[in-house]
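Quick notes on the structure that follows.
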Amino acid sequence: MGTPPVNPRKKVTIGTLRSLHRRGEPITMITAHDFPSAHVADAAGMDMILVGDSLAMVALGMEDTSEVMVEEMLLHCRSVARATKAAFTVGDLPMGSYEIAPQQALETAIRFIKEGRVQSIKLEGGKEMAPTIERITSAGIPVLGHVGLNPQRQNALGGFRVQGKTSQGAMKVLEDALAVQEAGAFAVVLEAVPAGVAAIVTQKLSIPTIGIGAGNGCSGQVLVQVDMTGNFPPGRFLPKFVKRYGDVWAESSKAIETYRDEVKSREYPAPEHTYPIAPQELEAFADSVENL
């Protein structure tokens with residue numbers, strides 16, 4: 001999958017992320033769901049790569065994230081881990097794999113580390129998930145928290161709605177983030193929270209915040225790779241917070257259409273794409289065929 005960089009980056013660790021946070025340097029995170037998407041993200045210099053449960057929709061064509069299973073997530077985690085040489089990897093615990101009890105969550109988290117080969121896990125929830133986060137981190141597994149909008153709970157929230165739009169709602173986001181921090185999370189995702197609220201929450205925490213739809217006052221940012229690279233057909237809905245940095249769909253479509261046309265016209269493969277044979281050998285082969 002390409003030539004490795006001449007000067008490969010040092011491996012990003014929890015210590016690296018803490019150092020970036022202390023210096024006030026934004027932490028970059030992006031999702032990946034397979035070897036190629038992780039390979040390019042790592043080569044591009046991402047600090048963190050998240051194997052997000054969003055792969056349910058962008059990689060597996062499911063309706064929402066609630067459908068994806070642990071075994072499917074582990075398969076994608078392994079693929080991403082094989083490609084990632086420097087970035088710090090995070091595996092997203094899918095719905096139903098950690099909510100029943102802290103022990104269940106720990107067992108799932110261990111599988112993500114041992115079988116998925118990621119370096120940490122992410123789970124959604126605030127104060128109610130603090131005991132679970134504490135149980136996992138006490139076993140030596142780093143946890144990335146996730147408060148604000150929790151997509152796995154969209155049915156209870158009435159859809160994908162911005163959180164913290166009132167003083168009371170904003171206080172809940174802060175209380176959840178503080179609880180996650182106190183439980184031992186090394187960082188916390190703030191999703192779909194007003195920028196001003198996210199900035200205040202970030203100031204009140206001692207761990208990094210990773211924003212997605214939460215403004216640039218967070219300690220870092222994360223986006224779904226398929227969204228930000230434009231690897232989807234025209235007309236697809238995009239959340240307000242997504243900035244499209246490329247148009248992979250158009251480039252891929254153009255390349256595949258050109259290939260189709262050249263195959264139909266026999267323009268491809270051209271002589272430079274084929275393997276030669278000595279004329280006398282070809283003639284001998286042709287004669288042998290004639291004599292069959």
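Order determines the names: the first chain of the structure tokens is A, the second B, and so forth; residues in each chain are numbered 1 upward, and ligands are numbered 1 upward as they are shown.
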
**OP:** Report the residues of region 90-230 of chain A whose backbone DSSP state falls under strand (DSSP E), written as a PyMOL selection string.
**Re:** chain A and resi 90-92+120-122+143-148+187-191+209-212+220-223

Subject >> All residues 8 Å or closer to Ser37 (chain A), only C-alpha atoms, same chain fewer than 5 positions away omitted, as a ChimeraX atom specification >> reply: /A:32,80,225

Produce a file of the selected residues containing all heavy atoms, as a short mmCIF file (atom, residue, chain, number, x, y, z; two decimals), in the first residue's frame.
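The file below, part_39.cif, is the result:
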```
data_model
loop_
_atom_site.label_atom_id
_atom_site.label_comp_id
_atom_site.auth_asym_id
_atom_site.auth_seq_id
_atom_site.Cartn_x
_atom_site.Cartn_y
_atom_site.Cartn_z
N ALA A 32 -11.59 6.04 10.74
CA ALA A 32 -11.17 5.12 9.67
C ALA A 32 -11.90 3.81 9.92
O ALA A 32 -12.20 3.48 11.07
CB ALA A 32 -9.66 4.91 9.69
N VAL A 80 -7.87 -1.58 10.72
CA VAL A 80 -7.30 -0.25 10.96
C VAL A 80 -5.97 -0.36 11.69
O VAL A 80 -5.00 0.34 11.36
CB VAL A 80 -8.30 0.62 11.75
CG1 VAL A 80 -7.61 1.87 12.30
CG2 VAL A 80 -9.49 0.99 10.88
N GLN A 225 -14.26 10.44 8.28
CA GLN A 225 -13.42 10.59 7.09
C GLN A 225 -14.24 10.60 5.80
O GLN A 225 -13.97 11.40 4.89
CB GLN A 225 -12.37 9.47 7.04
CG GLN A 225 -11.37 9.63 5.91
CD GLN A 225 -10.25 8.60 5.92
OE1 GLN A 225 -9.64 8.33 4.89
NE2 GLN A 225 -9.98 8.01 7.07
#
```

Subject >> DSSP-assigned alpha helix (DSSP H) members of region 39-172 of chain A, reported as a PyMOL selection string >> reply: chain A and resi 39-43+55-58+70-83+102-114+130-138+154-157+167-172

Subject >> Atomic separation - CA of Arg18 (chain A) relative to CA of Leu205 (chain A), Å >> reply: 12.8 Å

Subject >> Spatial neighbours of region 53-69 of chain A, 12 Å, only C-alpha atoms, chain gap at least 5 places, as a PyMOL selection string >> reply: chain A and resi 30-34+37+74-77+80+90-98+108+121-124+150-155+159-160+223-227+230-233+236

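The interatomic distance for the pair CA of Ser19 (chain A) and CA of Glu115 (chain A) works out to 28.7 Å.
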
**OP:** Find the residues near region 208-219 of chain A: any atom within 10 Å, counting only C-alpha atoms, skip ones fewer than 4 places away on the same chain, and give them as a ChimeraX atom specification.
**Re:** /A:17-18,20-22,24-29,144-146,148-149,162-163,177,181,185-203,223-224,239-242

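The gap separating CA of Val143 (chain A) from CA of Thr166 (chain A) is 28.2 Å, in Å to one decimal.
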
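Counting only C-alpha atoms, the residue from A:Ile141, A:Met46, A:Met171, A:Val118 that sits nearest to Lys10 (chain A) is A:Met46.
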